[in-house]
$ cat query.pdb   # PDB, C-alpha atoms
ATOM      1  CA  MET A 110       4.974 -53.583  33.180
ATOM      2  CA  ALA A 111       6.168 -53.882  29.572
ATOM      3  CA  ILE A 112       6.661 -57.272  27.977
ATOM      4  CA  GLU A 113      10.314 -56.337  27.469
ATOM      5  CA  SER A 114      10.782 -56.828  31.211
ATOM      6  CA  TRP A 115      10.120 -60.578  30.981
ATOM      7  CA  ASP A 116      13.824 -61.488  30.855
ATOM      8  CA  GLU A 117      14.409 -59.482  34.020
ATOM      9  CA  ILE A 118      11.388 -61.011  35.803
ATOM     10  CA  ARG A 119      12.552 -64.476  34.796
ATOM     11  CA  THR A 120      15.988 -63.656  36.172
ATOM     12  CA  ALA A 121      14.460 -62.543  39.481
ATOM     13  CA  TRP A 122      12.553 -65.832  39.719
ATOM     14  CA  HIS A 123      15.742 -67.845  39.192
ATOM     15  CA  VAL A 124      17.683 -65.771  41.728
ATOM     16  CA  ALA A 125      14.920 -66.336  44.281
ATOM     17  CA  ARG A 126      14.935 -70.069  43.530
ATOM     18  CA  ALA A 127      18.728 -70.502  43.582
ATOM     19  CA  GLY A 128      19.465 -67.986  46.326
ATOM     20  CA  THR A 129      22.641 -66.890  44.557
ATOM     21  CA  VAL A 130      23.604 -64.937  41.457
ATOM     22  CA  SER A 131      25.919 -67.717  40.289
ATOM     23  CA  GLY A 132      23.176 -70.337  40.641
ATOM     24  CA  ALA A 133      20.734 -68.246  38.625
ATOM     25  CA  ALA A 134      23.369 -67.512  35.969
ATOM     26  CA  GLU A 135      24.093 -71.237  35.571
ATOM     27  CA  ALA A 136      20.382 -72.104  35.262
ATOM     28  CA  LEU A 137      19.808 -69.361  32.689
ATOM     29  CA  GLY A 138      23.048 -69.915  30.773
ATOM     30  CA  VAL A 139      24.169 -66.282  31.112
ATOM     31  CA  HIS A 140      27.039 -64.415  32.746
ATOM     32  CA  HIS A 141      26.592 -63.482  36.406
ATOM     33  CA  ALA A 142      26.994 -59.809  35.448
ATOM     34  CA  THR A 143      23.829 -60.119  33.325
ATOM     35  CA  VAL A 144      21.915 -61.419  36.337
ATOM     36  CA  ILE A 145      23.063 -58.514  38.506
ATOM     37  CA  ARG A 146      22.202 -56.013  35.752
ATOM     38  CA  HIS A 147      18.671 -57.433  35.415
ATOM     39  CA  ILE A 148      18.022 -57.276  39.157
ATOM     40  CA  ASP A 149      19.394 -53.742  39.448
ATOM     41  CA  ALA A 150      17.291 -52.597  36.473
ATOM     42  CA  LEU A 151      14.107 -54.110  37.901
ATOM     43  CA  GLU A 152      14.638 -52.556  41.320
ATOM     44  CA  ALA A 153      15.310 -49.157  39.742
ATOM     45  CA  ARG A 154      12.228 -49.383  37.506
ATOM     46  CA  LEU A 155       9.910 -50.543  40.302
ATOM     47  CA  GLY A 156      11.395 -48.376  43.021
ATOM     48  CA  VAL A 157      11.464 -51.259  45.534
ATOM     49  CA  LYS A 158      14.088 -53.551  46.979
ATOM     50  CA  LEU A 159      13.615 -57.074  45.633
ATOM     51  CA  PHE A 160      16.475 -58.824  47.422
ATOM     52  CA  GLN A 161      18.518 -58.514  50.574
ATOM     53  CA  ARG A 162      22.170 -58.998  49.631
ATOM     54  CA  HIS A 163      24.391 -60.833  52.114
ATOM     55  CA  ALA A 164      27.543 -62.928  52.147
ATOM     56  CA  ARG A 165      25.684 -66.187  51.481
ATOM     57  CA  GLY A 166      23.661 -64.877  48.549
ATOM     58  CA  TYR A 167      20.364 -63.138  47.824
ATOM     59  CA  THR A 168      17.215 -63.446  49.981
ATOM     60  CA  PRO A 169      13.995 -62.126  48.392
ATOM     61  CA  THR A 170      12.062 -59.411  50.180
ATOM     62  CA  GLU A 171       8.270 -59.551  50.282
ATOM     63  CA  ALA A 172       8.179 -57.693  46.969
ATOM     64  CA  GLY A 173      10.839 -60.004  45.573
ATOM     65  CA  SER A 174       8.871 -63.101  46.548
ATOM     66  CA  ALA A 175       5.735 -61.713  44.889
ATOM     67  CA  LEU A 176       7.625 -60.961  41.679
ATOM     68  CA  ALA A 177       9.347 -64.351  41.726
ATOM     69  CA  GLN A 178       5.956 -66.056  41.972
ATOM     70  CA  VAL A 179       4.834 -64.218  38.823
ATOM     71  CA  GLY A 180       8.035 -65.306  37.086
ATOM     72  CA  ARG A 181       7.569 -68.951  38.090
ATOM     73  CA  VAL A 182       3.952 -69.108  36.918
ATOM     74  CA  THR A 183       4.711 -67.293  33.665
ATOM     75  CA  GLU A 184       7.649 -69.563  32.840
ATOM     76  CA  GLU A 185       5.455 -72.620  33.458
ATOM     77  CA  GLN A 186       2.750 -71.198  31.203
ATOM     78  CA  PHE A 187       5.258 -70.568  28.414
ATOM     79  CA  ALA A 188       6.457 -74.184  28.723
ATOM     80  CA  GLN A 189       2.865 -75.445  28.616
ATOM     81  CA  LEU A 190       2.132 -73.264  25.584
ATOM     82  CA  GLY A 191       5.141 -74.798  23.870
ATOM     83  CA  THR A 192       3.739 -78.276  24.470
ATOM     84  CA  ARG A 193       0.403 -77.332  22.932
ATOM     85  CA  LEU A 194       1.981 -75.605  19.920
ATOM     86  CA  THR A 195       4.340 -78.504  19.171
ATOM     87  CA  GLY A 196       1.349 -80.833  19.260
ATOM     88  CA  ALA A 197      -0.430 -78.820  16.614
ATOM     89  CA  GLY A 198       1.945 -79.668  13.780
ATOM     90  CA  SER A 199       1.112 -82.073  10.966
ATOM     91  CA  GLY A 200       4.175 -84.302  11.396
ATOM     92  CA  ILE A 201       4.633 -87.228  13.779
ATOM     93  CA  GLU A 202       7.767 -85.882  15.385
ATOM     94  CA  GLY A 203       9.033 -83.881  18.345
ATOM     95  CA  ASP A 204       8.006 -84.327  21.978
ATOM     96  CA  LEU A 205       5.067 -86.517  22.914
ATOM     97  CA  VAL A 206       4.214 -86.162  26.599
ATOM     98  CA  ILE A 207       2.131 -88.928  28.203
ATOM     99  CA  THR A 208       1.010 -88.650  31.804
ATOM    100  CA  THR A 209      -0.085 -91.678  33.807
ATOM    101  CA  LEU A 210       0.115 -93.372  37.182
ATOM    102  CA  PRO A 211       3.349 -95.252  38.000
ATOM    103  CA  GLY A 212       1.475 -98.548  38.259
ATOM    104  CA  LEU A 213       0.106 -98.246  34.715
ATOM    105  CA  VAL A 214       3.501 -97.932  33.025
ATOM    106  CA  PRO A 215       3.878-101.732  32.591
ATOM    107  CA  LEU A 216       0.582-101.773  30.669
ATOM    108  CA  LEU A 217       1.897 -99.056  28.342
ATOM    109  CA  ARG A 218       5.285-100.604  27.630
ATOM    110  CA  PRO A 219       4.225-102.443  24.435
ATOM    111  CA  ALA A 220       2.671 -99.223  23.088
ATOM    112  CA  LEU A 221       5.788 -97.198  23.889
ATOM    113  CA  ILE A 222       7.981 -99.746  22.115
ATOM    114  CA  GLU A 223       5.697 -99.682  19.064
ATOM    115  CA  LEU A 224       5.620 -95.874  19.006
ATOM    116  CA  ASN A 225       9.393 -95.707  19.210
ATOM    117  CA  THR A 226       9.794 -98.293  16.438
ATOM    118  CA  ARG A 227       7.202 -96.880  14.060
ATOM    119  CA  TYR A 228       7.921 -93.176  14.602
ATOM    120  CA  PRO A 229      11.657 -92.707  15.309
ATOM    121  CA  ASP A 230      11.344 -88.908  15.088
ATOM    122  CA  LEU A 231       9.108 -88.879  18.175
ATOM    123  CA  SER A 232      10.709 -88.073  21.526
ATOM    124  CA  LEU A 233       8.608 -89.860  24.147
ATOM    125  CA  ARG A 234       8.296 -88.441  27.645
ATOM    126  CA  VAL A 235       6.285 -90.382  30.226
ATOM    127  CA  GLU A 236       5.485 -88.447  33.389
ATOM    128  CA  THR A 237       4.141 -90.470  36.322
ATOM    129  CA  GLU A 238       2.169 -88.314  38.732
ATOM    130  CA  ARG A 239      -0.668 -88.965  41.139
ATOM    131  CA  ARG A 240      -2.102 -85.500  40.609
ATOM    132  CA  VAL A 241      -4.425 -84.916  37.667
ATOM    133  CA  VAL A 242      -2.288 -83.223  35.021
ATOM    134  CA  ARG A 243      -4.134 -80.365  33.304
ATOM    135  CA  LEU A 244      -4.302 -81.167  29.606
ATOM    136  CA  GLU A 245      -6.119 -77.888  28.939
ATOM    137  CA  TYR A 246      -2.973 -76.064  30.103
ATOM    138  CA  GLY A 247      -0.783 -78.058  27.742
ATOM    139  CA  GLU A 248       0.973 -80.000  30.515
ATOM    140  CA  ALA A 249       0.772 -83.201  28.435
ATOM    141  CA  HIS A 250      -0.484 -84.394  25.069
ATOM    142  CA  LEU A 251      -2.506 -87.269  26.482
ATOM    143  CA  ALA A 252      -3.235 -89.019  29.767
ATOM    144  CA  VAL A 253      -3.822 -92.635  30.728
ATOM    145  CA  ARG A 254      -5.828 -92.681  33.960
ATOM    146  CA  ALA A 255      -7.467 -95.241  36.212
ATOM    147  CA  GLY A 256     -10.604 -95.199  38.332
ATOM    148  CA  SER A 257     -13.777 -93.223  37.799
ATOM    149  CA  ARG A 258     -14.444 -91.587  34.425
ATOM    150  CA  PRO A 259     -12.576 -88.244  34.064
ATOM    151  CA  THR A 260     -14.980 -85.315  33.956
ATOM    152  CA  GLU A 261     -12.857 -82.271  33.051
ATOM    153  CA  PRO A 262     -14.488 -80.145  30.322
ATOM    154  CA  ASP A 263     -13.112 -80.127  26.764
ATOM    155  CA  ASN A 264     -11.450 -83.517  27.179
ATOM    156  CA  VAL A 265     -12.040 -86.497  24.905
ATOM    157  CA  VAL A 266     -12.380 -89.542  27.180
ATOM    158  CA  GLN A 267     -12.220 -93.115  25.872
ATOM    159  CA  PRO A 268     -12.321 -96.328  27.935
ATOM    160  CA  LEU A 269      -9.263 -98.475  27.207
ATOM    161  CA  LEU A 270      -9.936-101.614  29.195
ATOM    162  CA  ARG A 271     -11.381-103.084  32.344
ATOM    163  CA  CYS A 272      -8.264-104.234  34.157
ATOM    164  CA  PRO A 273      -8.391-107.518  36.102
ATOM    165  CA  VAL A 274      -6.522-107.593  39.416
ATOM    166  CA  SER A 275      -5.233-110.741  41.116
ATOM    167  CA  LEU A 276      -3.561-111.447  44.447
ATOM    168  CA  PHE A 277       0.058-112.580  44.164
ATOM    169  CA  ALA A 278       2.803-113.973  46.348
ATOM    170  CA  SER A 279       6.359-115.126  45.757
ATOM    171  CA  PRO A 280       7.328-118.816  45.836
ATOM    172  CA  ASP A 281       9.455-118.040  48.906
ATOM    173  CA  TYR A 282       6.496-116.500  50.753
ATOM    174  CA  ILE A 283       4.293-119.508  49.931
ATOM    175  CA  ALA A 284       6.999-121.881  51.163
ATOM    176  CA  ARG A 285       7.165-120.036  54.501
ATOM    177  CA  HIS A 286       3.510-119.040  55.056
ATOM    178  CA  GLY A 287       1.430-121.042  52.621
ATOM    179  CA  ALA A 288      -1.240-119.566  50.346
ATOM    180  CA  PRO A 289      -4.691-118.402  51.545
ATOM    181  CA  LYS A 290      -7.428-120.852  50.617
ATOM    182  CA  ASP A 291     -10.284-118.376  51.158
ATOM    183  CA  ASP A 292     -11.056-114.879  52.472
ATOM    184  CA  ALA A 293     -11.203-116.096  56.067
ATOM    185  CA  GLU A 294      -7.510-117.028  55.927
ATOM    186  CA  LEU A 295      -6.399-113.577  54.712
ATOM    187  CA  ALA A 296      -6.190-112.331  58.320
ATOM    188  CA  GLU A 297      -3.369-114.834  58.898
ATOM    189  CA  HIS A 298      -1.242-113.376  56.105
ATOM    190  CA  LEU A 299       1.044-110.391  55.554
ATOM    191  CA  PHE A 300       0.309-107.734  52.943
ATOM    192  CA  VAL A 301       2.127-105.216  50.757
ATOM    193  CA  VAL A 302      -0.086-102.209  49.970
ATOM    194  CA  GLU A 303      -0.149 -98.658  48.720
ATOM    195  CA  ASP A 304       0.033 -95.840  51.269
ATOM    196  CA  VAL A 305      -3.117 -96.501  53.265
ATOM    197  CA  GLU A 306      -4.168 -92.858  53.662
ATOM    198  CA  ASP A 307      -4.068 -92.379  49.901
ATOM    199  CA  ALA A 308      -5.428 -95.745  48.780
ATOM    200  CA  ARG A 309      -8.058 -95.194  46.070
ATOM    201  CA  ALA A 310      -7.820 -98.430  44.108
ATOM    202  CA  PRO A 311     -10.880-100.692  44.525
ATOM    203  CA  PHE A 312      -8.761-103.708  45.540
ATOM    204  CA  GLU A 313      -6.995-101.677  48.241
ATOM    205  CA  GLN A 314     -10.312-100.376  49.529
ATOM    206  CA  TRP A 315     -11.666-103.947  49.572
ATOM    207  CA  LEU A 316      -8.704-105.105  51.646
ATOM    208  CA  LEU A 317      -9.097-102.281  54.163
ATOM    209  CA  ARG A 318     -12.731-103.284  54.721
ATOM    210  CA  GLN A 319     -11.786-106.808  55.829
ATOM    211  CA  LYS A 320     -12.471-107.755  59.444
ATOM    212  CA  PRO A 321     -10.112-108.465  61.036
ATOM    213  CA  LEU A 322      -7.703-106.392  58.974
ATOM    214  CA  PRO A 323      -4.738-108.429  57.715
ATOM    215  CA  ARG A 324      -1.319-107.356  58.912
ATOM    216  CA  ILE A 325       0.275-104.797  56.601
ATOM    217  CA  VAL A 326       4.074-105.053  56.618
ATOM    218  CA  PHE A 327       5.063-102.798  53.706
ATOM    219  CA  ARG A 328       3.605 -99.614  52.243
ATOM    220  CA  SER A 329       4.780 -97.569  49.301
ATOM    221  CA  ASN A 330       3.290 -95.130  46.802
ATOM    222  CA  GLU A 331       5.695 -96.539  44.181
ATOM    223  CA  ALA A 332       4.269 -99.464  42.233
ATOM    224  CA  ALA A 333       7.723-100.823  41.386
ATOM    225  CA  ALA A 334       8.653-100.862  45.074
ATOM    226  CA  ARG A 335       5.454-102.741  45.958
ATOM    227  CA  ARG A 336       6.005-105.342  43.255
ATOM    228  CA  ALA A 337       9.604-105.835  44.358
ATOM    229  CA  ALA A 338       8.460-106.282  47.971
ATOM    230  CA  VAL A 339       5.986-108.998  46.923
ATOM    231  CA  ALA A 340       8.626-110.686  44.748
ATOM    232  CA  ASP A 341      11.063-110.575  47.705
ATOM    233  CA  GLY A 342       8.582-112.464  49.867
ATOM    234  CA  LEU A 343       7.580-109.700  52.269
ATOM    235  CA  GLY A 344       3.873-110.347  51.807
ATOM    236  CA  LEU A 345       0.926-110.817  49.489
ATOM    237  CA  GLY A 346       0.097-108.039  47.047
ATOM    238  CA  PHE A 347      -2.482-107.124  44.418
ATOM    239  CA  TRP A 348      -1.199-106.753  40.866
ATOM    240  CA  TYR A 349      -2.458-106.359  37.315
ATOM    241  CA  GLY A 350      -1.084-106.688  33.806
ATOM    242  CA  GLU A 351       1.194-109.442  35.105
ATOM    243  CA  SER A 352       2.204-112.254  32.794
ATOM    244  CA  GLU A 353       3.560-115.560  34.019
ATOM    245  CA  SER A 354       6.858-114.940  35.780
ATOM    246  CA  PRO A 355       9.029-117.008  38.128
ATOM    247  CA  ASP A 356       8.998-114.432  40.927
ATOM    248  CA  LEU A 357       5.198-114.095  41.332
ATOM    249  CA  VAL A 358       2.499-116.724  41.803
ATOM    250  CA  GLU A 359      -1.233-115.978  41.604
ATOM    251  CA  VAL A 360      -2.850-117.080  44.880
ATOM    252  CA  MET A 361      -6.326-115.616  44.246
ATOM    253  CA  PRO A 362      -7.773-114.876  40.786
ATOM    254  CA  SER A 363      -9.330-111.572  39.814
ATOM    255  CA  ARG A 364     -12.757-110.554  41.093
ATOM    256  CA  PRO A 365     -15.124-107.893  39.705
ATOM    257  CA  GLU A 366     -14.872-105.846  42.912
ATOM    258  CA  TRP A 367     -11.105-105.644  42.529
ATOM    259  CA  GLU A 368     -11.104-104.486  38.881
ATOM    260  CA  PHE A 369     -10.710-100.917  37.665
ATOM    261  CA  THR A 370     -11.198 -99.088  34.370
ATOM    262  CA  VAL A 371      -8.316 -97.513  32.453
ATOM    263  CA  TRP A 372      -9.165 -94.359  30.482
ATOM    264  CA  LEU A 373      -7.409 -92.613  27.594
ATOM    265  CA  VAL A 374      -7.819 -88.835  27.821
ATOM    266  CA  THR A 375      -6.899 -86.166  25.281
ATOM    267  CA  HIS A 376      -7.799 -82.496  25.003
ATOM    268  CA  VAL A 377     -10.092 -81.447  22.177
ATOM    269  CA  ASP A 378      -7.506 -78.927  20.885
ATOM    270  CA  LEU A 379      -4.883 -81.648  20.311
ATOM    271  CA  HIS A 380      -7.027 -84.719  19.808
ATOM    272  CA  ARG A 381      -6.968 -84.604  16.000
ATOM    273  CA  THR A 382      -3.270 -83.775  15.586
ATOM    274  CA  ALA A 383      -1.212 -86.385  13.768
ATOM    275  CA  LYS A 384       1.053 -87.478  16.590
ATOM    276  CA  VAL A 385      -1.685 -87.604  19.218
ATOM    277  CA  GLN A 386      -3.838 -89.715  16.887
ATOM    278  CA  ALA A 387      -0.849 -91.980  16.212
ATOM    279  CA  ALA A 388      -0.329 -92.462  19.938
ATOM    280  CA  VAL A 389      -4.045 -93.030  20.590
ATOM    281  CA  THR A 390      -4.266 -95.668  17.845
ATOM    282  CA  ILE A 391      -1.186 -97.588  18.984
ATOM    283  CA  ILE A 392      -2.121 -97.495  22.682
ATOM    284  CA  LYS A 393      -5.614 -98.791  21.938
ATOM    285  CA  ASP A 394      -4.371-101.500  19.552
ATOM    286  CA  THR A 395      -1.645-102.814  21.858
ATOM    287  CA  LEU A 396      -3.919-102.956  24.891
ATOM    288  CA  LYS A 397      -6.524-104.882  22.888
ATOM    289  CA  GLN A 398      -3.848-107.461  22.128
TER     290      GLN A 398
END
$ encode --input "query.pdb" --output "structure tokens"
Amino acid sequence: MAIESWDEIRTAWHVARAGTVSGAAEALGVHHATVIRHIDALEARLGVKLFQRHARGYTPTEAGSALAQVGRVTEEQFAQLGTRLTGAGSGIEGDLVITTLPGLVPLLRPALIELNTRYPDLSLRVETERRVVRLEYGEAHLAVRAGSRPTEPDNVVQPLLRCPVSLFASPDYIARHGAPKDDAELAEHLFVVEDVEDARAPFEQWLLRQKPLPRIVFRSNEAAARRAAVADGLGLGFWYGESESPDLVEVMPSRPEWEFTVWLVTHVDLHRTAKVQAAVTIIKDTLKQ
């Protein structure tokens, strides 16, 4: 199929996603007549029916679903290519996409403030995902990850810091339940944790190995929700990068078996570009401080 058909394929993908001509037209910023013309032209060129038309909208046929999948993947690849190309310029400007885990955002806040202050032409975008974002596909300019050393080929991996982890409670929780004096007393306390089935952090794994297992009263895959639950007095919780604050009290200091390593990851194609190097330098400097 000729490259000239891309607009029509993209239209088919948006019709399949929206289920209506009007929805696709709004997403694409075109008139609904353009959407209908693209679909009709594709069906005529391919000689197959791509959609079943009905009163509620358009439902893709098997052929339509297959074509829509091509459109979705191609549009994503164009977006990823754009990220890589914009990172290749010599100026420190435009989008800078950083991917990290939600719980690491507080550690990055000083770096983000410094980047924004020093380079006002940068547009920062922080994407928090648990999946490993593919830097080689241009999904982000750099990644800040935790855990074992990343091993993807063609990535530049630098250790940022070994992050200490302590056990915290709120003053209200301590007033009601007291603070554990040693590991043996942990079984008498309530805990706030990450989703147990997906817990990969060393401190969470340590907790789950305790016998008897302490009572878990709150689970969330959102770090902000877990911190809020601890601050609200629901239970004890592990935390890191926490300065002195009135809503959290350290009840057990950090241990080596609770700590984890934070890594800075860039792709070799973008590593030496001006804005990626600016971000790398500021992130490393602020975390050292």
$ residues_around --input "query.pdb" --residues "segment 202-216 of chain A" --least-positions-apart "2" --cutoff "6 Å" --atoms "only C-alpha atoms" --output "list in words"
Gly200, Arg218, Asp230, Leu231, Ser232, Leu233, Arg234, Val235, Glu236, Thr237, Glu238, Arg239, Ala249, His250, Leu251, Ala252, Val253, Arg254 and Ala332 of chain A
$ write_last_selection --input "query.pdb" --atoms "C-alpha atoms" --output "PDB file, keeping the file's coordinate frame"
ATOM      1  CA  GLY A 200       4.175 -84.302  11.396  1.00  0.00           C
ATOM      2  CA  ARG A 218       5.285-100.604  27.630  1.00  0.00           C
ATOM      3  CA  ASP A 230      11.344 -88.908  15.088  1.00  0.00           C
ATOM      4  CA  LEU A 231       9.108 -88.879  18.175  1.00  0.00           C
ATOM      5  CA  SER A 232      10.709 -88.073  21.526  1.00  0.00           C
ATOM      6  CA  LEU A 233       8.608 -89.860  24.147  1.00  0.00           C
ATOM      7  CA  ARG A 234       8.296 -88.441  27.645  1.00  0.00           C
ATOM      8  CA  VAL A 235       6.285 -90.382  30.226  1.00  0.00           C
ATOM      9  CA  GLU A 236       5.485 -88.447  33.389  1.00  0.00           C
ATOM     10  CA  THR A 237       4.141 -90.470  36.322  1.00  0.00           C
ATOM     11  CA  GLU A 238       2.169 -88.314  38.732  1.00  0.00           C
ATOM     12  CA  ARG A 239      -0.668 -88.965  41.139  1.00  0.00           C
ATOM     13  CA  ALA A 249       0.772 -83.201  28.435  1.00  0.00           C
ATOM     14  CA  HIS A 250      -0.484 -84.394  25.069  1.00  0.00           C
ATOM     15  CA  LEU A 251      -2.506 -87.269  26.482  1.00  0.00           C
ATOM     16  CA  ALA A 252      -3.235 -89.019  29.767  1.00  0.00           C
ATOM     17  CA  VAL A 253      -3.822 -92.635  30.728  1.00  0.00           C
ATOM     18  CA  ARG A 254      -5.828 -92.681  33.960  1.00  0.00           C
ATOM     19  CA  ALA A 332       4.269 -99.464  42.233  1.00  0.00           C
TER      20      ALA A 332
END
$ residues_around --input "query.pdb" --residues "Ser174 of chain A" --least-positions-apart "6" --cutoff "12 Å" --atoms "all atoms listed in the file" --output "ChimeraX atom specification"
/A:118,121-126,128,158-161,167-168,180-181
$ write_last_selection --input "query.pdb" --atoms "C-alpha atoms" --output "compact mmCIF listing (two decimals), keeping the file's coordinate frame"
# COMPACT_ATOMS: atom_id res chain seq x y z
CA ILE A 118 11.39 -61.01 35.80
CA ALA A 121 14.46 -62.54 39.48
CA TRP A 122 12.55 -65.83 39.72
CA HIS A 123 15.74 -67.84 39.19
CA VAL A 124 17.68 -65.77 41.73
CA ALA A 125 14.92 -66.34 44.28
CA ARG A 126 14.94 -70.07 43.53
CA GLY A 128 19.46 -67.99 46.33
CA LYS A 158 14.09 -53.55 46.98
CA LEU A 159 13.62 -57.07 45.63
CA PHE A 160 16.48 -58.82 47.42
CA GLN A 161 18.52 -58.51 50.57
CA TYR A 167 20.36 -63.14 47.82
CA THR A 168 17.22 -63.45 49.98
CA GLY A 180 8.04 -65.31 37.09
CA ARG A 181 7.57 -68.95 38.09
$ atom_distance --input "query.pdb" --atom1 "atom CA of Glu261 of chain A" --atom2 "atom CA of Arg243 of chain A"
8.9 Å
$ resolve_selection --input "query.pdb" --expression "the PyMOL selection byres ((chain A and resi 147-154) around 8)" --output "ChimeraX atom specification"
/A:114,116-118,120-121,143-146,155-159
$ closest_residue --input "query.pdb" --among "A:Met361, A:Ala220, A:Leu299, A:Leu244" --to "Gln398 of chain A" --atoms "only C-alpha atoms"
A:Ala220
$ closest_residue --input "query.pdb" --among "A:Thr370, A:Gln186, A:Gln267, A:Thr129" --to "Thr390 of chain A" --atoms "all atoms listed in the file"
A:Gln267
$ resolve_selection --input "query.pdb" --expression "the PyMOL selection byres ((chain A and resi 394) around 12)" --output "NGL selection string"
:A and (217 or 219-221 or 223-224 or 269-270 or 387-393 or 395-398)
$ residues_around --input "query.pdb" --residues "Trp348 of chain A" --least-positions-apart "5" --cutoff "10 Å" --atoms "all atoms listed in the file" --output "list in words"
Gly212, Pro273, Val274, Ser275, Leu276, Phe277, Ala278, Phe312, Ala332, Arg335, Arg336, Val339, Leu357, Glu359 and Ser363 of chain A
$ atom_distance --input "query.pdb" --atom1 "atom CA of Ala337 of chain A" --atom2 "atom CA of Asp356 of chain A"
9.3 Å
$ closest_residue --input "query.pdb" --among "A:Ala127, A:Ala142, A:Val265, A:Ala310" --to "Pro169 of chain A" --atoms "all atoms listed in the file"
A:Ala127
$ resolve_selection --input "query.pdb" --expression "the PyMOL selection byres ((chain A and resi 321-327) around 12)" --output "PDB file with C-alpha atoms, keeping the file's coordinate frame"
ATOM      1  CA  PRO A 289      -4.691-118.402  51.545  1.00  0.00           C
ATOM      2  CA  ASP A 292     -11.056-114.879  52.472  1.00  0.00           C
ATOM      3  CA  ALA A 293     -11.203-116.096  56.067  1.00  0.00           C
ATOM      4  CA  GLU A 294      -7.510-117.028  55.927  1.00  0.00           C
ATOM      5  CA  LEU A 295      -6.399-113.577  54.712  1.00  0.00           C
ATOM      6  CA  ALA A 296      -6.190-112.331  58.320  1.00  0.00           C
ATOM      7  CA  GLU A 297      -3.369-114.834  58.898  1.00  0.00           C
ATOM      8  CA  HIS A 298      -1.242-113.376  56.105  1.00  0.00           C
ATOM      9  CA  LEU A 299       1.044-110.391  55.554  1.00  0.00           C
ATOM     10  CA  PHE A 300       0.309-107.734  52.943  1.00  0.00           C
ATOM     11  CA  VAL A 301       2.127-105.216  50.757  1.00  0.00           C
ATOM     12  CA  VAL A 302      -0.086-102.209  49.970  1.00  0.00           C
ATOM     13  CA  GLU A 303      -0.149 -98.658  48.720  1.00  0.00           C
ATOM     14  CA  ASP A 304       0.033 -95.840  51.269  1.00  0.00           C
ATOM     15  CA  VAL A 305      -3.117 -96.501  53.265  1.00  0.00           C
ATOM     16  CA  GLU A 313      -6.995-101.677  48.241  1.00  0.00           C
ATOM     17  CA  GLN A 314     -10.312-100.376  49.529  1.00  0.00           C
ATOM     18  CA  TRP A 315     -11.666-103.947  49.572  1.00  0.00           C
ATOM     19  CA  LEU A 316      -8.704-105.105  51.646  1.00  0.00           C
ATOM     20  CA  LEU A 317      -9.097-102.281  54.163  1.00  0.00           C
ATOM     21  CA  ARG A 318     -12.731-103.284  54.721  1.00  0.00           C
ATOM     22  CA  GLN A 319     -11.786-106.808  55.829  1.00  0.00           C
ATOM     23  CA  LYS A 320     -12.471-107.755  59.444  1.00  0.00           C
ATOM     24  CA  ARG A 328       3.605 -99.614  52.243  1.00  0.00           C
ATOM     25  CA  SER A 329       4.780 -97.569  49.301  1.00  0.00           C
ATOM     26  CA  ASN A 330       3.290 -95.130  46.802  1.00  0.00           C
ATOM     27  CA  GLU A 331       5.695 -96.539  44.181  1.00  0.00           C
ATOM     28  CA  ALA A 332       4.269 -99.464  42.233  1.00  0.00           C
ATOM     29  CA  ALA A 334       8.653-100.862  45.074  1.00  0.00           C
ATOM     30  CA  ARG A 335       5.454-102.741  45.958  1.00  0.00           C
ATOM     31  CA  ARG A 336       6.005-105.342  43.255  1.00  0.00           C
ATOM     32  CA  ALA A 337       9.604-105.835  44.358  1.00  0.00           C
ATOM     33  CA  ALA A 338       8.460-106.282  47.971  1.00  0.00           C
ATOM     34  CA  VAL A 339       5.986-108.998  46.923  1.00  0.00           C
ATOM     35  CA  ASP A 341      11.063-110.575  47.705  1.00  0.00           C
ATOM     36  CA  GLY A 342       8.582-112.464  49.867  1.00  0.00           C
ATOM     37  CA  LEU A 343       7.580-109.700  52.269  1.00  0.00           C
ATOM     38  CA  GLY A 344       3.873-110.347  51.807  1.00  0.00           C
ATOM     39  CA  LEU A 345       0.926-110.817  49.489  1.00  0.00           C
ATOM     40  CA  GLY A 346       0.097-108.039  47.047  1.00  0.00           C
TER      41      GLY A 346
END
$ atom_distance --input "query.pdb" --atom1 "atom CA of Cys272 of chain A" --atom2 "atom CA of Val371 of chain A"
6.9 Å
$ closest_residue --input "query.pdb" --among "A:Thr226, A:Gln386, A:Thr375, A:Ser257" --to "Arg309 of chain A" --atoms "only C-alpha atoms"
A:Ser257
$ residues_around --input "query.pdb" --residues "Gly287 of chain A" --least-positions-apart "3" --cutoff "10 Å" --atoms "only C-alpha atoms" --output "MDAnalysis selection string"
chainID A and resid 278 280:284 290 298 360
$ closest_residue --input "query.pdb" --among "A:Thr382, A:Phe369, A:Trp115, A:Gly256" --to "Val179 of chain A" --atoms "only C-alpha atoms"
A:Trp115
$ decode --input "query.pdb" --residues "segment 314-328 of chain A" --atoms "C-alpha atoms" --output "compact mmCIF listing (two decimals), in the first residue's frame"
# COMPACT_ATOMS: atom_id res chain seq x y z
CA GLN A 314 9.95 -8.35 50.22
CA TRP A 315 11.60 -8.25 53.66
CA LEU A 316 8.26 -7.49 55.30
CA LEU A 317 6.49 -10.33 53.49
CA ARG A 318 9.10 -12.78 54.79
CA GLN A 319 8.32 -11.97 58.43
CA LYS A 320 6.77 -14.72 60.55
CA PRO A 321 4.11 -14.14 61.63
CA LEU A 322 3.18 -11.70 58.89
CA PRO A 323 2.06 -8.32 60.26
CA ARG A 324 -1.48 -7.27 59.48
CA ILE A 325 -1.73 -5.32 56.23
CA VAL A 326 -4.59 -2.81 56.31
CA PHE A 327 -3.95 -0.74 53.17
CA ARG A 328 -2.50 -1.53 49.75
